[in-house]
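The next block is work-v3.txt, given as compact mmCIF, C-alpha atoms.
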```
# COMPACT_ATOMS: atom_id res chain seq x y z
CA MET A 390 0.00 0.00 0.00
CA HIS A 391 2.80 2.35 0.97
CA ALA A 392 4.72 1.40 -2.18
CA ALA A 393 1.72 2.21 -4.38
CA ALA A 394 1.27 5.57 -2.68
CA ALA A 395 4.94 6.34 -3.17
CA ILE A 396 4.77 5.48 -6.86
CA ILE A 397 1.69 7.65 -7.34
CA THR A 398 3.42 10.54 -5.55
CA ILE A 399 6.54 10.20 -7.69
CA VAL A 400 4.55 10.02 -10.92
CA ALA A 401 2.47 13.05 -9.89
CA ALA A 402 5.65 14.97 -9.04
CA LEU A 403 7.20 14.10 -12.41
CA ILE A 404 4.07 15.17 -14.28
CA PHE A 405 3.90 18.43 -12.32
CA THR A 406 7.59 19.12 -12.96
CA TYR A 407 7.23 18.56 -16.68
CA LEU A 408 4.01 20.55 -17.08
CA TYR A 409 4.97 23.55 -15.00
CA ILE A 410 8.77 23.71 -15.23
CA ILE A 411 10.28 21.72 -18.10
CA ARG A 412 7.60 22.27 -20.75
CA PRO A 413 7.36 26.07 -20.33
CA TRP A 414 11.16 26.19 -20.45
CA HIS A 415 11.52 24.26 -23.71
CA LEU A 416 8.53 25.94 -25.38
CA HIS A 417 10.15 29.35 -24.86
CA TRP A 418 13.84 28.54 -24.61
CA GLY A 419 15.92 31.74 -24.76
CA ALA A 420 12.84 33.91 -25.28
CA SER A 421 11.92 36.74 -22.95
CA HIS A 422 8.37 37.67 -22.05
CA LEU A 423 8.55 40.46 -24.63
CA ASP A 424 9.72 37.98 -27.28
CA ARG A 425 6.75 35.74 -26.54
CA ILE A 426 4.11 38.46 -26.75
CA ALA A 427 5.66 40.47 -29.59
CA ALA A 428 3.97 40.52 -32.98
CA LEU A 429 6.43 39.07 -35.47
CA PRO A 430 6.41 38.94 -39.28
CA GLY A 431 4.08 36.17 -40.36
CA ASP A 432 1.80 36.29 -37.31
CA ALA A 433 -0.89 38.17 -39.21
CA LEU A 434 -0.91 35.52 -41.95
CA THR A 435 -2.22 32.88 -39.51
CA PRO A 436 -4.26 34.90 -36.98
CA PHE A 437 -6.22 31.94 -35.63
CA SER A 438 -3.26 29.77 -34.67
CA SER A 439 -3.96 27.45 -31.74
CA GLY A 440 -0.57 28.19 -30.18
CA ALA A 441 2.99 29.29 -30.72
CA VAL A 442 6.48 28.21 -29.72
CA THR A 443 9.07 30.98 -29.52
CA HIS A 444 12.82 30.45 -29.13
CA ALA A 445 15.55 33.07 -29.29
CA VAL A 446 19.30 33.61 -29.06
CA ASN A 447 21.60 36.64 -28.99
CA ILE A 448 24.36 36.58 -31.57
CA ASP A 449 27.47 38.76 -31.37
CA ALA A 450 27.50 39.53 -35.09
CA PRO A 451 25.72 42.04 -37.34
CA SER A 452 22.43 41.01 -38.92
CA GLU A 453 24.11 40.84 -42.34
CA ALA A 454 26.39 38.08 -41.07
CA VAL A 455 23.50 36.17 -39.49
CA TRP A 456 21.22 36.50 -42.51
CA ARG A 457 23.81 34.81 -44.73
CA TRP A 458 23.21 31.60 -42.80
CA VAL A 459 19.46 31.97 -42.38
CA VAL A 460 18.78 32.56 -46.07
CA GLN A 461 20.49 29.35 -47.14
CA ILE A 462 18.55 26.95 -44.92
CA GLY A 463 16.79 24.08 -46.64
CA GLN A 464 17.53 20.51 -47.63
CA GLU A 465 18.38 21.70 -51.14
CA ARG A 466 20.84 24.27 -49.77
CA GLY A 467 22.87 24.27 -46.57
CA GLY A 468 20.61 22.12 -44.43
CA PHE A 469 19.25 23.30 -41.09
CA TYR A 470 22.46 23.37 -39.01
CA SER A 471 20.92 20.93 -36.55
CA TYR A 472 21.37 17.23 -35.82
CA THR A 473 21.87 16.13 -39.40
CA PHE A 474 22.33 12.48 -38.47
CA LEU A 475 18.84 12.44 -36.92
CA GLU A 476 17.33 14.12 -39.98
CA ASN A 477 18.98 11.61 -42.27
CA LEU A 478 17.99 8.74 -40.00
CA VAL A 479 14.39 9.32 -41.16
CA GLY A 480 15.41 9.77 -44.79
CA CYS A 481 15.64 13.56 -45.20
CA GLU A 482 18.95 13.32 -47.11
CA MET A 483 19.98 16.56 -45.44
CA ARG A 484 23.18 18.36 -46.29
CA LYS A 485 25.61 19.51 -43.62
CA THR A 486 27.19 22.72 -44.88
CA PHE A 487 29.09 25.17 -42.71
CA ARG A 488 30.04 27.74 -45.31
CA VAL A 489 28.27 30.59 -47.01
CA VAL A 490 27.64 29.96 -50.70
CA PRO A 491 26.81 32.77 -53.18
CA GLU A 492 24.30 30.64 -55.11
CA TRP A 493 22.24 30.19 -51.95
CA GLN A 494 22.10 33.83 -50.91
CA GLN A 495 18.89 34.71 -52.71
CA ARG A 496 15.38 33.86 -51.57
CA ALA A 497 12.19 35.13 -53.18
CA ILE A 498 8.60 35.05 -52.03
CA GLY A 499 7.04 31.85 -53.39
CA ASP A 500 10.29 29.85 -53.28
CA THR A 501 10.09 26.28 -52.00
CA VAL A 502 12.13 25.48 -48.89
CA TRP A 503 12.66 21.74 -48.69
CA PHE A 504 12.69 20.02 -45.29
CA GLY A 505 13.49 16.64 -46.80
CA SER A 506 14.48 15.24 -50.15
CA PRO A 507 11.88 15.89 -52.89
CA LYS A 508 12.26 12.19 -53.66
CA ARG A 509 11.00 11.19 -50.22
CA PHE A 510 7.78 11.67 -48.22
CA GLY A 511 5.76 12.00 -51.41
CA GLY A 512 7.39 15.35 -52.09
CA ARG A 513 5.46 16.88 -49.18
CA ALA A 514 8.38 17.78 -46.90
CA ARG A 515 8.40 21.43 -47.88
CA MET A 516 7.21 24.91 -47.04
CA ILE A 517 6.90 28.08 -49.10
CA ALA A 518 8.67 31.37 -48.42
CA ALA A 519 5.72 33.66 -47.66
CA VAL A 520 7.72 36.62 -46.34
CA VAL A 521 11.29 37.43 -47.33
CA GLU A 522 12.84 40.57 -45.87
CA PRO A 523 16.63 40.44 -46.28
CA MET A 524 18.52 40.96 -43.01
CA HIS A 525 15.19 40.89 -41.16
CA SER A 526 12.89 37.91 -41.64
CA LEU A 527 12.15 34.67 -43.45
CA VAL A 528 8.64 33.31 -42.92
CA MET A 529 7.53 29.95 -44.29
CA ALA A 530 4.00 28.66 -44.82
CA THR A 531 2.63 25.30 -45.86
CA PRO A 532 1.83 24.92 -49.58
CA SER A 533 -1.90 24.87 -48.82
CA ASP A 534 -1.70 28.05 -46.77
CA TRP A 535 0.42 29.72 -49.44
CA GLU A 536 -2.38 29.24 -51.94
CA LEU A 537 -4.73 31.00 -49.52
CA ILE A 538 -2.29 33.77 -48.62
CA ARG A 539 -1.43 34.64 -52.20
CA THR A 540 -5.14 35.29 -52.85
CA GLY A 541 -5.48 37.53 -49.81
CA LYS A 542 -6.94 34.95 -47.44
CA GLU A 543 -5.72 33.91 -44.00
CA GLY A 544 -3.71 30.75 -43.40
CA VAL A 545 -4.93 28.03 -41.07
CA GLU A 546 -1.95 25.68 -40.90
CA ALA A 547 1.55 25.84 -39.39
CA MET A 548 3.80 28.85 -39.96
CA TRP A 549 7.53 29.09 -39.20
CA ALA A 550 9.29 32.44 -38.87
CA LEU A 551 12.96 33.31 -38.40
CA VAL A 552 13.30 36.95 -37.41
CA LEU A 553 16.49 38.97 -37.03
CA GLN A 554 16.38 41.93 -34.64
CA ARG A 555 19.29 44.34 -34.72
CA LYS A 556 20.40 45.12 -31.16
CA GLY A 557 23.38 47.27 -32.01
CA VAL A 558 26.05 47.49 -34.65
CA ASN A 559 27.43 44.03 -33.90
CA THR A 560 24.61 42.26 -32.07
CA THR A 561 21.59 40.45 -33.49
CA ARG A 562 18.74 38.69 -31.73
CA LEU A 563 17.51 35.73 -33.75
CA VAL A 564 13.94 34.78 -32.86
CA ALA A 565 12.29 31.61 -34.17
CA ARG A 566 8.54 31.19 -33.89
CA LEU A 567 6.46 28.18 -34.91
CA ARG A 568 2.73 28.85 -35.03
CA SER A 569 0.42 25.83 -34.76
CA PRO A 570 -2.53 25.10 -37.05
CA ALA A 571 -5.83 26.76 -36.19
CA ASN A 572 -7.83 23.55 -35.89
CA VAL A 573 -6.11 20.80 -33.92
CA THR A 574 -7.81 17.60 -32.85
CA LEU A 575 -7.39 16.03 -29.41
CA TRP A 576 -5.26 13.27 -30.92
CA GLN A 577 -3.02 15.85 -32.62
CA HIS A 578 -2.67 17.70 -29.31
CA ILE A 579 -1.53 14.49 -27.66
CA ILE A 580 1.02 13.71 -30.39
CA ASN A 581 2.31 17.30 -30.27
CA PHE A 582 2.61 17.16 -26.50
CA LEU A 583 4.36 13.80 -26.36
CA PHE A 584 6.59 14.03 -29.45
CA TRP A 585 6.56 17.09 -31.71
CA GLU A 586 7.05 19.74 -29.03
CA PRO A 587 10.16 18.11 -27.50
CA ALA A 588 11.50 17.13 -30.94
CA HIS A 589 11.05 20.64 -32.29
CA PHE A 590 12.83 22.07 -29.25
CA VAL A 591 15.81 19.75 -29.60
CA MET A 592 16.26 20.41 -33.32
CA GLU A 593 15.57 24.15 -33.31
CA ARG A 594 17.74 24.84 -30.26
CA LYS A 595 20.64 23.13 -32.02
CA MET A 596 19.97 25.16 -35.18
CA LEU A 597 19.99 28.47 -33.30
CA GLN A 598 23.13 27.55 -31.39
CA THR A 599 24.90 26.55 -34.60
CA ILE A 600 23.91 29.75 -36.43
CA LYS A 601 25.18 31.71 -33.43
CA LYS A 602 28.47 29.82 -33.50
CA VAL A 603 29.17 30.17 -37.22
CA ALA A 604 28.00 33.79 -37.45
CA GLU A 605 30.16 34.85 -34.51
CA ALA A 606 33.14 32.95 -35.90
CA ASN A 607 32.74 34.59 -39.34
CA PRO A 608 31.19 38.05 -38.83
CA GLN A 609 32.78 39.21 -42.09
CA VAL A 610 32.68 35.84 -43.86
CA THR A 611 33.82 35.68 -47.47
CA LEU A 612 31.50 33.94 -49.92
CA THR A 613 32.75 30.75 -51.55
CA THR A 614 31.48 28.77 -54.50
CA ALA A 615 29.35 25.67 -54.00
```
Is it possible to express this structure as structure tokens?
Amino acid sequence: MHAAAAIITIVAALIFTYLYIIRPWHLHWGASHLDRIAALPGDALTPFSSGAVTHAVNIDAPSEAVWRWVVQIGQERGGFYSYTFLENLVGCEMRKTFRVVPEWQQRAIGDTVWFGSPKRFGGRARMIAAVVEPMHSLVMATPSDWELIRTGKEGVEAMWALVLQRKGVNTTRLVARLRSPANVTLWQHIINFLFWEPAHFVMERKMLQTIKKVAEANPQVTLTTA
């Protein structure tokens, strides 16, 4: 009887710790209260989002140096600067590139950003660049939402934004925000809670840390050919 009570107490304590300490921490890693409540580029495109995850990091480099790495994300370009071996474990065929390449320095609204090889996942592992503001923001929408947005309608699916905020001549705050779909079922909430939220945190935190590292190491990086 005492053993059962002890187990229940431990389980309850673990659940409480995760819900009220660990989960809030990983949902908003690096982000201040102002970061979490601030309106960012892309927010207005999906106004009925069911939730948002905001992460942030300060980078001791000018926004021009940070943007060079942000603009070339994508499976077809420099990868996502995260745990490439995990991405490739599920068949993404992700590149691992730690250099700035001239051919990857241009992004236009409507461009496809691949999250996995076009040959895998039925060609669905992709998002569309919905907002491109050099040195400031790159916002990606799902293909379905892009069709709505381009006709003046509001999106209802996931939206991912990478926003650069200049904090001085040589300091940039890189804020990443993932907005959830507007209509999420109970089952989707459970899957997000148990898997996608922690997975997104692990991968995006690594991406932000890597961009910080390479941008600070090469604040005046010279472009090289692919």
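Those residues that approach stretch 432-439 of chain A to within 6 Å, counting only C-alpha atoms, are A:Glu543, A:Gly544, A:Val545, A:Ser569, A:Pro570, A:Ala571; same-chain residues fewer than 6 positions away are not listed.
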Inset, instruction - Using atom CA of A:Gly419 and atom CA of A:Glu586 as the two end points, give the distance in Å to one decimal. - result: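 According to the coordinates, atom CA of A:Gly419 and atom CA of A:Glu586 are separated by 15.5 Å.
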Inset, instruction - Write out as a list in words the residues lying within 9 Å of A:Trp458, counting only C-alpha atoms and excluding same-chain residues fewer than 4 positions away. - result: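 Surrounding residues, per the criterion: Ala454, Ile462, Gly467, Phe487, Arg488, Val489, Gln494, Ile600, Val603 and Ala604 of chain A.
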Inset, instruction - Pick out the residues sitting within 12 Å of A:Leu429, and hand them over as a list in words; count all atoms listed in the file, and ignore anything fewer than 6 positions along from it in its own chain. - result: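 The residues satisfying every condition are Leu423, Thr435, Pro436, Ala441, Thr443, Val520, His525, Ser526, Leu527, Val528, Met548, Trp549, Ala550, Leu551, Val552, Leu553, Gln554, Leu563, Val564, Ala565, Arg566, Leu567 and Arg568 of chain A.
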Inset, instruction - One decimal, Å: what's the distance from atom CA of A:Leu583 over to atom CA of A:Ile410, could you say? - result: 15.5 Å
Legend entry - Selection: 12 Å around A:His422, all atoms listed in the file, excl. self and same-chain fewer than 6 positions, as an NGL selection string: :A and (413-414 or 443-445)
Inset, instruction - Could you tell me which of A:Pro451, A:Gly480, A:Gly463, A:Pro523 comes closest to A:Ala497 if we count only C-alpha atoms? - result: A:Pro523
Inset, instruction - Measure the distance from atom CA of A:Val591 to atom CA of A:Val479 in Å and round it to one decimal. - result: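 Value for the atom CA of A:Val591-atom CA of A:Val479 distance: 15.6 Å.
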Legend entry - Within-6 Å shell of (22.9, 26.5, -53.4) in input frame, only C-alpha atoms, as a ChimeraX atom specification: /A:466,492-493
Inset, instruction - Find the residue from A:Gln461, A:Thr501, A:Thr406, A:Asn572 that sits nearest to A:Ala530; use all atoms listed in the file when measuring. - result: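 Closest residue, counting all atoms listed in the file: A:Thr501.
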Inset, instruction - Measuring atom to atom with all atoms listed in the file, identify which of A:Gly431, A:Ile538, A:Phe510, A:Phe582 is nearest to A:Tyr407. - result: A:Phe582
Inset, instruction - Have a look at A:Thr486, A:Thr531, A:Asn447, A:Asn477 and name the one nearest to A:Ala420; count only C-alpha atoms. - result: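 Among the listed residues, the smallest separation from A:Ala420 belongs to A:Asn447.
Using only C-alpha atoms, the protein and nucleic acid residues lying no more than 8 Å from A:Val502, apart from those fewer than 4 places from it along its own chain, are Ile462, Gly463, Gln464, Glu465, Arg515, Met516, Ile517, Ala518 and Met529 of chain A.
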Legend entry - Counting only C-alpha atoms, the option among A:Tyr472, A:Trp576, A:Trp456, A:Trp503 closest to A:His589: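 For A:His589, the nearest of the given residues is A:Tyr472.
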Fill-in result for stretch 463-474 of chain A, all heavy atoms as a PDB file, keeping the file's coordinate frame:
```pdb
ATOM      1  N   GLY A 463      17.577  24.914 -45.728  1.00  0.00           N
ATOM      2  CA  GLY A 463      16.790  24.080 -46.640  1.00  0.00           C
ATOM      3  C   GLY A 463      17.573  22.852 -47.038  1.00  0.00           C
ATOM      4  O   GLY A 463      18.800  22.895 -47.173  1.00  0.00           O
ATOM      5  N   GLN A 464      16.868  21.755 -47.245  1.00  0.00           N
ATOM      6  CA  GLN A 464      17.530  20.510 -47.630  1.00  0.00           C
ATOM      7  C   GLN A 464      18.288  20.670 -48.935  1.00  0.00           C
ATOM      8  O   GLN A 464      19.343  20.062 -49.129  1.00  0.00           O
ATOM      9  CB  GLN A 464      16.476  19.400 -47.761  1.00  0.00           C
ATOM     10  CG  GLN A 464      17.022  18.023 -48.087  1.00  0.00           C
ATOM     11  CD  GLN A 464      17.199  17.780 -49.588  1.00  0.00           C
ATOM     12  OE1 GLN A 464      16.587  18.466 -50.407  1.00  0.00           O
ATOM     13  NE2 GLN A 464      18.020  16.805 -49.939  1.00  0.00           N
ATOM     14  N   GLU A 465      17.760  21.510 -49.831  1.00  0.00           N
ATOM     15  CA  GLU A 465      18.380  21.700 -51.140  1.00  0.00           C
ATOM     16  C   GLU A 465      19.539  22.690 -51.093  1.00  0.00           C
ATOM     17  O   GLU A 465      20.231  22.904 -52.097  1.00  0.00           O
ATOM     18  CB  GLU A 465      17.323  22.178 -52.150  1.00  0.00           C
ATOM     19  CG  GLU A 465      16.984  23.665 -52.101  1.00  0.00           C
ATOM     20  CD  GLU A 465      16.103  24.089 -50.932  1.00  0.00           C
ATOM     21  OE1 GLU A 465      15.910  23.294 -49.974  1.00  0.00           O
ATOM     22  OE2 GLU A 465      15.627  25.234 -50.967  1.00  0.00           O
ATOM     23  N   ARG A 466      19.766  23.288 -49.917  1.00  0.00           N
ATOM     24  CA  ARG A 466      20.840  24.270 -49.770  1.00  0.00           C
ATOM     25  C   ARG A 466      21.823  23.822 -48.685  1.00  0.00           C
ATOM     26  O   ARG A 466      22.472  22.810 -48.822  1.00  0.00           O
ATOM     27  CB  ARG A 466      20.243  25.648 -49.457  1.00  0.00           C
ATOM     28  CG  ARG A 466      19.418  26.214 -50.608  1.00  0.00           C
ATOM     29  CD  ARG A 466      19.068  27.670 -50.382  1.00  0.00           C
ATOM     30  NE  ARG A 466      18.377  28.240 -51.538  1.00  0.00           N
ATOM     31  CZ  ARG A 466      18.195  29.529 -51.729  1.00  0.00           C
ATOM     32  NH1 ARG A 466      18.636  30.400 -50.835  1.00  0.00           N
ATOM     33  NH2 ARG A 466      17.557  29.974 -52.803  1.00  0.00           N
ATOM     34  N   GLY A 467      21.886  24.570 -47.597  1.00  0.00           N
ATOM     35  CA  GLY A 467      22.870  24.270 -46.570  1.00  0.00           C
ATOM     36  C   GLY A 467      22.377  23.419 -45.424  1.00  0.00           C
ATOM     37  O   GLY A 467      23.082  23.240 -44.438  1.00  0.00           O
ATOM     38  N   GLY A 468      21.157  22.898 -45.527  1.00  0.00           N
ATOM     39  CA  GLY A 468      20.610  22.120 -44.430  1.00  0.00           C
ATOM     40  C   GLY A 468      19.989  23.024 -43.388  1.00  0.00           C
ATOM     41  O   GLY A 468      19.668  24.184 -43.663  1.00  0.00           O
ATOM     42  N   PHE A 469      19.858  22.515 -42.159  1.00  0.00           N
ATOM     43  CA  PHE A 469      19.250  23.300 -41.090  1.00  0.00           C
ATOM     44  C   PHE A 469      20.174  23.476 -39.891  1.00  0.00           C
ATOM     45  O   PHE A 469      19.730  23.910 -38.821  1.00  0.00           O
ATOM     46  CB  PHE A 469      17.931  22.655 -40.646  1.00  0.00           C
ATOM     47  CG  PHE A 469      16.823  22.847 -41.644  1.00  0.00           C
ATOM     48  CD1 PHE A 469      16.634  21.925 -42.669  1.00  0.00           C
ATOM     49  CD2 PHE A 469      15.991  23.951 -41.600  1.00  0.00           C
ATOM     50  CE1 PHE A 469      15.627  22.096 -43.613  1.00  0.00           C
ATOM     51  CE2 PHE A 469      14.990  24.140 -42.539  1.00  0.00           C
ATOM     52  CZ  PHE A 469      14.802  23.209 -43.547  1.00  0.00           C
ATOM     53  N   TYR A 470      21.449  23.148 -40.060  1.00  0.00           N
ATOM     54  CA  TYR A 470      22.460  23.370 -39.010  1.00  0.00           C
ATOM     55  C   TYR A 470      22.067  22.717 -37.693  1.00  0.00           C
ATOM     56  O   TYR A 470      22.388  23.216 -36.622  1.00  0.00           O
ATOM     57  CB  TYR A 470      22.668  24.879 -38.780  1.00  0.00           C
ATOM     58  CG  TYR A 470      22.732  25.703 -40.032  1.00  0.00           C
ATOM     59  CD1 TYR A 470      21.828  26.750 -40.248  1.00  0.00           C
ATOM     60  CD2 TYR A 470      23.692  25.455 -41.006  1.00  0.00           C
ATOM     61  CE1 TYR A 470      21.886  27.518 -41.398  1.00  0.00           C
ATOM     62  CE2 TYR A 470      23.758  26.216 -42.167  1.00  0.00           C
ATOM     63  CZ  TYR A 470      22.847  27.243 -42.357  1.00  0.00           C
ATOM     64  OH  TYR A 470      22.909  28.007 -43.497  1.00  0.00           O
ATOM     65  N   SER A 471      21.374  21.603 -37.763  1.00  0.00           N
ATOM     66  CA  SER A 471      20.920  20.930 -36.550  1.00  0.00           C
ATOM     67  C   SER A 471      21.568  19.545 -36.469  1.00  0.00           C
ATOM     68  O   SER A 471      22.710  19.367 -36.900  1.00  0.00           O
ATOM     69  CB  SER A 471      19.395  20.844 -36.545  1.00  0.00           C
ATOM     70  OG  SER A 471      18.914  20.434 -35.294  1.00  0.00           O
ATOM     71  N   TYR A 472      20.846  18.591 -35.930  1.00  0.00           N
ATOM     72  CA  TYR A 472      21.370  17.230 -35.820  1.00  0.00           C
ATOM     73  C   TYR A 472      21.120  16.502 -37.131  1.00  0.00           C
ATOM     74  O   TYR A 472      20.116  15.782 -37.291  1.00  0.00           O
ATOM     75  CB  TYR A 472      20.726  16.507 -34.648  1.00  0.00           C
ATOM     76  CG  TYR A 472      21.069  17.116 -33.309  1.00  0.00           C
ATOM     77  CD1 TYR A 472      20.122  17.854 -32.596  1.00  0.00           C
ATOM     78  CD2 TYR A 472      22.341  16.971 -32.761  1.00  0.00           C
ATOM     79  CE1 TYR A 472      20.431  18.422 -31.375  1.00  0.00           C
ATOM     80  CE2 TYR A 472      22.662  17.538 -31.533  1.00  0.00           C
ATOM     81  CZ  TYR A 472      21.704  18.256 -30.848  1.00  0.00           C
ATOM     82  OH  TYR A 472      22.018  18.824 -29.631  1.00  0.00           O
ATOM     83  N   THR A 473      22.032  16.671 -38.053  1.00  0.00           N
ATOM     84  CA  THR A 473      21.870  16.130 -39.400  1.00  0.00           C
ATOM     85  C   THR A 473      21.715  14.613 -39.385  1.00  0.00           C
ATOM     86  O   THR A 473      20.939  14.060 -40.177  1.00  0.00           O
ATOM     87  CB  THR A 473      23.076  16.522 -40.271  1.00  0.00           C
ATOM     88  OG1 THR A 473      23.264  17.937 -40.202  1.00  0.00           O
ATOM     89  CG2 THR A 473      22.849  16.124 -41.719  1.00  0.00           C
ATOM     90  N   PHE A 474      22.413  13.944 -38.493  1.00  0.00           N
ATOM     91  CA  PHE A 474      22.330  12.480 -38.470  1.00  0.00           C
ATOM     92  C   PHE A 474      20.919  12.025 -38.099  1.00  0.00           C
ATOM     93  O   PHE A 474      20.450  10.991 -38.580  1.00  0.00           O
ATOM     94  CB  PHE A 474      23.375  11.903 -37.510  1.00  0.00           C
ATOM     95  CG  PHE A 474      23.053  12.086 -36.045  1.00  0.00           C
ATOM     96  CD1 PHE A 474      22.416  11.089 -35.321  1.00  0.00           C
ATOM     97  CD2 PHE A 474      23.395  13.267 -35.398  1.00  0.00           C
ATOM     98  CE1 PHE A 474      22.132  11.255 -33.986  1.00  0.00           C
ATOM     99  CE2 PHE A 474      23.113  13.441 -34.057  1.00  0.00           C
ATOM    100  CZ  PHE A 474      22.481  12.443 -33.346  1.00  0.00           C
TER     101      PHE A 474
END
```
